[in-house]
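Text of target.txt (compact mmCIF, C-alpha atoms) as supplied:
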```
# COMPACT_ATOMS: atom_id res chain seq x y z
CA MET Z 552 -13.89 7.99 25.69
CA SER Z 553 -10.54 9.67 25.56
CA VAL Z 554 -9.57 12.13 22.86
CA ASP Z 555 -7.06 9.62 21.46
CA LEU Z 556 -9.71 6.98 21.01
CA ILE Z 557 -12.14 9.36 19.29
CA LEU Z 558 -9.34 10.51 16.97
CA PHE Z 559 -8.45 6.90 16.24
CA LEU Z 560 -12.04 5.91 15.46
CA VAL Z 561 -12.65 8.88 13.14
CA LEU Z 562 -9.39 8.27 11.29
CA ALA Z 563 -10.08 4.53 11.04
CA LEU Z 564 -13.46 5.33 9.53
CA VAL Z 565 -11.83 7.66 6.99
CA ALA Z 566 -9.17 5.06 6.15
CA VAL Z 567 -11.69 2.27 5.55
CA ALA Z 568 -14.05 4.57 3.62
CA THR Z 569 -11.27 5.79 1.32
CA ALA Z 570 -10.07 2.22 0.76
CA LEU Z 571 -13.61 1.25 -0.22
CA GLY Z 572 -13.84 4.31 -2.46
CA MET Z 573 -10.61 3.25 -4.14
CA LEU Z 574 -12.07 -0.21 -4.76
CA LEU Z 575 -15.43 0.88 -6.06
CA SER Z 576 -14.67 3.97 -8.17
CA ARG Z 577 -15.31 3.50 -11.86
CA ASN Z 578 -12.80 6.23 -12.68
CA SER Z 579 -9.11 5.39 -12.12
CA ILE Z 580 -8.27 9.01 -11.26
CA TYR Z 581 -10.78 8.99 -8.41
CA SER Z 582 -9.31 5.68 -7.23
CA ALA Z 583 -5.83 7.19 -7.15
CA LEU Z 584 -7.02 10.27 -5.26
CA PHE Z 585 -8.88 8.11 -2.72
CA LEU Z 586 -5.67 6.16 -2.23
CA VAL Z 587 -3.73 9.40 -1.61
CA LEU Z 588 -6.25 10.29 1.11
CA ASN Z 589 -5.88 6.79 2.55
CA PHE Z 590 -2.10 7.14 2.68
CA ALA Z 591 -2.46 10.52 4.38
CA THR Z 592 -4.69 9.07 7.12
CA VAL Z 593 -2.25 6.19 7.63
CA ALA Z 594 0.49 8.84 7.99
CA VAL Z 595 -1.54 10.39 10.83
CA PHE Z 596 -1.74 6.92 12.43
CA TYR Z 597 2.03 6.75 12.27
CA LEU Z 598 2.21 10.10 14.07
CA LEU Z 599 -0.17 8.76 16.74
CA LEU Z 600 2.07 5.72 17.11
CA GLY Z 601 5.14 7.88 17.64
CA ALA Z 602 6.80 7.43 14.27
CA PRO Z 603 7.21 10.96 12.87
CA PHE Z 604 10.01 10.02 10.47
CA ILE Z 605 7.98 7.18 8.95
CA ALA Z 606 4.91 9.43 8.78
CA LEU Z 607 6.75 12.06 6.75
CA SER Z 608 8.35 9.43 4.51
CA GLN Z 609 4.87 8.05 3.96
CA VAL Z 610 3.59 11.43 2.83
CA SER Z 611 6.55 12.24 0.61
CA VAL Z 612 7.26 8.78 -0.85
CA TYR Z 613 3.81 7.20 -1.05
CA ALA Z 614 1.36 10.08 -1.30
CA GLY Z 615 3.90 12.19 -3.17
CA ALA Z 616 6.14 10.20 -5.47
CA ILE Z 617 4.34 6.89 -5.99
CA MET Z 618 0.86 8.30 -6.46
CA VAL Z 619 2.11 11.04 -8.80
CA LEU Z 620 3.64 8.25 -10.88
CA PHE Z 621 0.29 6.45 -10.86
CA LEU Z 622 -1.63 9.56 -11.92
CA PHE Z 623 0.96 10.23 -14.61
CA VAL Z 624 0.55 6.75 -16.08
CA ILE Z 625 -3.26 6.86 -15.87
CA MET Z 626 -3.28 10.11 -17.83
CA LEU Z 627 -0.58 8.91 -20.23
CA LEU Z 628 -2.60 5.83 -21.14
CA GLY Z 629 -5.90 7.70 -21.13
CA ALA Z 630 -7.26 4.89 -18.99
CA GLU Z 631 -9.51 7.01 -16.79
CA ARG Z 632 -12.69 5.30 -17.81
CA LEU Z 633 -12.47 1.76 -19.00
CA PRO Z 634 -15.64 0.07 -20.17
CA ASP Z 635 -16.92 -2.37 -17.59
CA PRO Z 636 -15.58 -5.70 -18.82
CA LYS Z 637 -17.51 -8.90 -18.55
CA VAL Z 638 -16.71 -10.54 -15.25
CA LEU Z 639 -17.03 -14.19 -14.41
CA PRO Z 640 -20.40 -14.68 -12.71
CA TRP Z 641 -19.05 -16.44 -9.63
CA GLN Z 642 -16.03 -14.17 -9.23
CA ARG Z 643 -17.47 -11.38 -7.06
CA PRO Z 644 -19.46 -13.57 -4.63
CA LEU Z 645 -16.46 -15.85 -4.22
CA ALA Z 646 -14.13 -12.87 -3.62
CA ALA Z 647 -16.53 -11.47 -1.00
CA ILE Z 648 -16.74 -14.84 0.77
CA LEU Z 649 -12.94 -15.21 0.79
CA ALA Z 650 -12.53 -11.66 2.17
CA LEU Z 651 -15.08 -12.39 4.92
CA ILE Z 652 -13.18 -15.55 5.84
CA LEU Z 653 -9.93 -13.57 6.05
CA VAL Z 654 -11.52 -10.95 8.33
CA ALA Z 655 -13.10 -13.67 10.48
CA GLU Z 656 -9.74 -15.39 10.89
CA THR Z 657 -7.91 -12.24 11.91
CA THR Z 658 -10.73 -11.26 14.29
CA TYR Z 659 -10.57 -14.71 15.85
CA LEU Z 660 -6.80 -14.48 16.29
CA LEU Z 661 -6.86 -10.95 17.65
CA PHE Z 662 -9.90 -10.84 19.87
CA VAL Z 663 -10.64 -14.46 20.80
CA ARG Z 664 -7.13 -15.88 21.08
CA LYS Z 665 -5.78 -12.45 22.18
CA MET Z 666 -2.57 -12.63 20.15
CA ALA Z 667 -1.56 -9.05 20.84
CA ALA Z 668 -2.26 -7.54 24.20
CA GLY Z 669 -1.12 -4.25 25.66
CA GLY Z 670 -1.94 -0.65 25.06
CA ILE Z 671 -0.34 2.29 23.37
CA ASN Z 672 0.19 5.38 25.42
CA ARG Z 673 1.22 8.79 24.25
CA PRO Z 674 4.52 8.58 22.33
CA LEU Z 675 7.72 8.64 24.30
CA GLU Z 676 10.09 11.54 23.92
CA ALA Z 677 12.55 11.01 21.03
CA PHE Z 678 11.26 7.52 20.20
CA GLY Z 679 11.15 7.16 16.43
CA SER Z 680 12.77 10.54 15.88
CA PRO Z 681 14.89 10.94 12.73
CA GLN Z 682 17.99 10.85 14.93
CA ALA Z 683 17.07 7.52 16.54
CA ILE Z 684 16.08 6.04 13.17
CA GLY Z 685 19.32 7.22 11.59
CA THR Z 686 21.43 5.75 14.39
CA THR Z 687 19.75 2.35 14.09
CA LEU Z 688 19.74 2.43 10.29
CA PHE Z 689 23.41 3.23 9.91
CA ASN Z 690 24.64 0.97 12.70
CA GLU Z 691 22.61 -2.21 12.51
CA TYR Z 692 21.20 -2.02 8.98
CA MET Z 693 24.09 -0.57 7.01
CA LEU Z 694 24.34 -3.39 4.46
CA PRO Z 695 20.57 -3.60 3.72
CA PHE Z 696 20.60 0.18 3.29
CA GLU Z 697 23.35 -0.04 0.68
CA VAL Z 698 21.61 -2.95 -1.05
CA THR Z 699 18.53 -0.73 -1.25
CA SER Z 700 20.46 1.70 -3.43
CA VAL Z 701 21.30 -1.11 -5.85
CA LEU Z 702 17.62 -2.14 -5.86
CA LEU Z 703 16.54 1.40 -6.75
CA LEU Z 704 19.16 1.57 -9.49
CA VAL Z 705 17.93 -1.74 -10.94
CA ALA Z 706 14.33 -0.48 -10.83
CA MET Z 707 15.34 2.73 -12.59
CA VAL Z 708 17.25 0.92 -15.34
CA GLY Z 709 14.43 -1.62 -15.65
CA ALA Z 710 11.78 1.04 -16.08
CA ILE Z 711 13.81 2.79 -18.77
CA VAL Z 712 14.55 -0.44 -20.65
CA LEU Z 713 10.92 -1.59 -20.51
CA THR Z 714 9.46 1.64 -21.86
CA LYS Z 715 12.18 2.35 -24.43
CA LYS Z 716 11.16 1.94 -28.04
CA GLU Z 717 13.08 -0.67 -29.99
CA LYS Z 718 15.39 0.63 -32.69
CA GLY Z 719 13.50 1.31 -35.87
CA GLU Z 720 10.13 0.65 -34.22
CA GLN Z 721 7.38 2.97 -35.38
CA ASP Z 722 4.79 3.99 -32.86
CA MET N 231 -4.80 4.63 25.79
CA ILE N 232 -5.62 2.72 22.63
CA PRO N 233 -5.17 -1.06 22.69
CA VAL N 234 -2.70 -2.19 20.04
CA THR N 235 -5.33 -4.74 18.95
CA TYR N 236 -7.33 -1.89 17.39
CA TYR N 237 -4.43 -0.91 15.16
CA ILE N 238 -3.82 -4.51 14.12
CA ALA N 239 -7.53 -4.97 13.42
CA LEU N 240 -7.56 -1.83 11.26
CA SER N 241 -4.48 -3.09 9.46
CA ALA N 242 -6.22 -6.43 8.86
CA VAL N 243 -9.32 -4.69 7.48
CA LEU N 244 -7.22 -2.54 5.12
CA PHE N 245 -5.28 -5.63 4.00
CA THR N 246 -8.53 -7.47 3.31
CA LEU N 247 -9.86 -4.57 1.26
CA GLY N 248 -6.64 -4.61 -0.76
CA ALA N 249 -6.93 -8.35 -1.34
CA LEU N 250 -10.57 -7.90 -2.32
CA GLY N 251 -9.52 -5.24 -4.83
CA VAL N 252 -7.04 -7.62 -6.44
CA LEU N 253 -9.76 -10.26 -6.67
CA ILE N 254 -12.66 -8.24 -8.05
CA ARG N 255 -11.12 -5.53 -10.26
CA ARG N 256 -9.87 -6.22 -13.76
CA ASN N 257 -8.08 -2.92 -14.37
CA ALA N 258 -4.34 -3.55 -13.96
CA LEU N 259 -3.79 -0.06 -12.47
CA ILE N 260 -6.44 -0.58 -9.77
CA ILE N 261 -4.98 -4.00 -8.97
CA PHE N 262 -1.62 -2.30 -8.54
CA MET N 263 -3.12 0.30 -6.20
CA SER N 264 -4.70 -2.52 -4.18
CA VAL N 265 -1.27 -4.12 -3.80
CA GLU N 266 0.01 -0.78 -2.49
CA LEU N 267 -2.89 -0.72 -0.02
CA MET N 268 -1.89 -4.17 1.24
CA LEU N 269 1.75 -3.12 1.64
CA ASN N 270 0.56 -0.11 3.58
CA ALA N 271 -1.58 -2.25 5.87
CA GLY N 272 1.48 -4.37 6.59
CA ASN N 273 3.46 -1.23 7.39
CA LEU N 274 0.77 -0.10 9.82
CA ALA N 275 1.01 -3.41 11.68
CA PHE N 276 4.81 -3.08 11.76
CA VAL N 277 4.65 0.41 13.28
CA ALA N 278 1.97 -0.64 15.81
CA PHE N 279 4.11 -3.54 17.05
CA THR N 280 7.18 -1.29 17.07
CA ARG N 281 5.34 1.04 19.42
CA LEU N 282 4.11 -1.86 21.57
CA TYR N 283 7.52 -3.46 22.11
CA GLU N 284 9.43 -0.16 21.92
CA VAL N 285 12.18 -1.40 19.61
CA LEU N 286 12.98 0.62 16.50
CA ASN N 287 13.62 -2.28 14.12
CA GLY N 288 10.02 -2.34 12.91
CA GLN N 289 10.27 1.24 11.71
CA ILE N 290 13.47 0.41 9.81
CA PHE N 291 11.58 -2.44 8.14
CA VAL N 292 8.82 -0.03 7.14
CA PHE N 293 11.49 2.16 5.58
CA PHE N 294 12.75 -0.79 3.51
CA VAL N 295 9.22 -1.82 2.55
CA MET N 296 8.65 1.70 1.23
CA THR N 297 11.81 1.50 -0.88
CA VAL N 298 10.82 -1.87 -2.31
CA ALA N 299 7.31 -0.54 -3.01
CA ALA N 300 8.76 2.43 -4.89
CA ALA N 301 10.97 0.14 -7.00
CA GLU N 302 8.06 -2.21 -7.60
CA VAL N 303 5.78 0.61 -8.74
CA ALA N 304 8.40 1.98 -11.14
CA VAL N 305 8.93 -1.39 -12.83
CA GLY N 306 5.26 -2.39 -12.66
CA LEU N 307 4.01 0.80 -14.25
CA ALA N 308 6.66 0.47 -16.97
CA LEU N 309 5.34 -3.04 -17.63
CA ILE N 310 1.77 -1.75 -17.80
CA VAL N 311 2.82 0.94 -20.29
CA ALA N 312 4.63 -1.68 -22.40
CA ILE N 313 1.59 -3.99 -22.35
CA PHE N 314 -0.72 -1.10 -23.24
CA ARG N 315 1.45 -0.31 -26.25
CA THR N 316 1.16 -3.79 -27.71
CA LYS N 317 -2.39 -4.77 -26.72
CA HIS N 318 -4.07 -1.34 -26.30
CA SER N 319 -5.74 -2.54 -23.15
CA ILE N 320 -4.83 -2.93 -19.48
CA ASP N 321 -7.62 -5.35 -18.69
CA VAL N 322 -5.93 -8.30 -17.01
CA ASP N 323 -8.42 -10.72 -18.56
CA GLN N 324 -7.08 -9.75 -22.00
CA MET N 325 -3.55 -10.84 -21.10
CA SER N 326 -4.11 -14.46 -21.99
CA SER N 327 -2.01 -14.74 -25.17
CA LEU N 328 -0.12 -17.75 -23.88
CA LYS N 329 -3.34 -19.77 -23.88
CA GLY N 330 -3.10 -19.88 -27.68
```

Show how you would write the structure in this file as structure tokens.
Amino acid sequence: MSVDLILFLVLALVAVATALGMLLSRNSIYSALFLVLNFATVAVFYLLLGAPFIALSQVSVYAGAIMVLFLFVIMLLGAERLPDPKVLPWQRPLAAILALILVAETTYLLFVRKMAAGGINRPLEAFGSPQAIGTTLFNEYMLPFEVTSVLLLVAMVGAIVLTKKEKGEQD
Amino acid sequence: MIPVTYYIALSAVLFTLGALGVLIRRNALIIFMSVELMLNAGNLAFVAFTRLYEVLNGQIFVFFVMTVAAAEVAVGLALIVAIFRTKHSIDVDQMSSLKG
């Protein structure tokens, strides 16, 4: 087994384990921290796949900004430990069966029908570098990039409007 | 050399775990995190295929997905805060007022 494969397998194990930890934690804070770890491992996958710019955006945007927002809201609401609500009796078995079906389908497509063949070698020089990304982004995707700024503005205004107290409303 | 199939399989497993989280958890915040996990799994597949076909467009798409995810989280968490203020709960089973 090559070093790359061992690295991949260990990281895949960590990614799946942290995703499971996120699902099964009773405490929301632990869930959020597991998810941060998951995002960090996925960032390492991006590095292995030769996407350093995306990997660093992943760390700064996802693991940094988004998860800090999550932790902030969890602590603001004091929702660390919610009492275990009554669940529908058939809900969990049904969810597990549906998830198994989804995995079986993707496994069938990938390994039996061989939808994606080919291997990934060591990253090429300068592929996925910030320079290459910037050139593509600002030549071919200029309009979507500008629309993105409007989207972020709308999200910002929306968040402020939604959390603003109405005039005269007492807490 | 790692076959690209491995990356896609990992992405599928992460996506399934995210979907499972949406199905079995009742805490709105955890459901939100599961959605983020699914978006991330999609991004991983994008980057794997980008590397396989050696065109950069997939990475640009990942960039846009991240932006949309950030906007979605900002608005979604604001909604959760607003719901918590009125109902004092973020259990999604409690949000059934329209049923009368």

Checklist entry - What are the residues of chain N that have an atom within 6 Å of an atom of chain Z, counting only C-alpha atoms, as an MDAnalysis selection string? => result chainID N and resid 231:234 246 251 253:254 301 305 308 312

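Here CA of Phe276 (chain N) is placed at a distance of 12.9 Å from CA of Ala606 (chain Z).
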
Checklist entry - Could you state the separation of CA of Ala614 (chain Z) and CA of Val587 (chain Z) in Å, given to one decimal place? => result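 One can read the CA of Ala614 (chain Z) to CA of Val587 (chain Z) distance as 5.1 Å.
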
Item to check | Protein, DNA and RNA residues within 12 Å of (-3.2, -3.6, 5.0), all atoms listed in the file, as a VMD selection string | outcome: (chain Z and resid 566 to 567 570 589 to 590 593 654) or (chain N and resid 237 to 251 263 to 276)

Centre and edges of the region 618-627 of chain Z box, axis-aligned, 3 Å extra per side, as AutoDock Vina command-line options:
```
--center_x 0.2 --center_y 8.7 --center_z -13.3 --size_x 12.9 --size_y 10.6 --size_z 19.8
```

Item to check | Atom-to-atom span, CA of Leu558 (chain Z) and CA of Asn287 (chain N), Å | outcome: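 Between CA of Leu558 (chain Z) and CA of Asn287 (chain N) the gap works out to 26.4 Å.
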
Checklist entry - Of the candidates N:Ser326, N:Thr297, N:Asp321, N:Val277, which one gets nearest to Arg255 (chain N) if we count only C-alpha atoms? => result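 Of the candidates, the smallest distance to Arg255 (chain N) is held by N:Asp321.
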
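You can rank Z:Leu562, Z:Ala655, Z:Val619, Z:Val663 by their closest distance to Ala300 (chain N) using all atoms listed in the file, and at the top of that list sits Z:Val619.
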
Item to check | Shortest interatomic distance to Val610 (chain Z) - which of Z:Phe689, Z:Tyr659, Z:Leu694, Z:Val595, counting all atoms listed in the file | outcome: Z:Val595
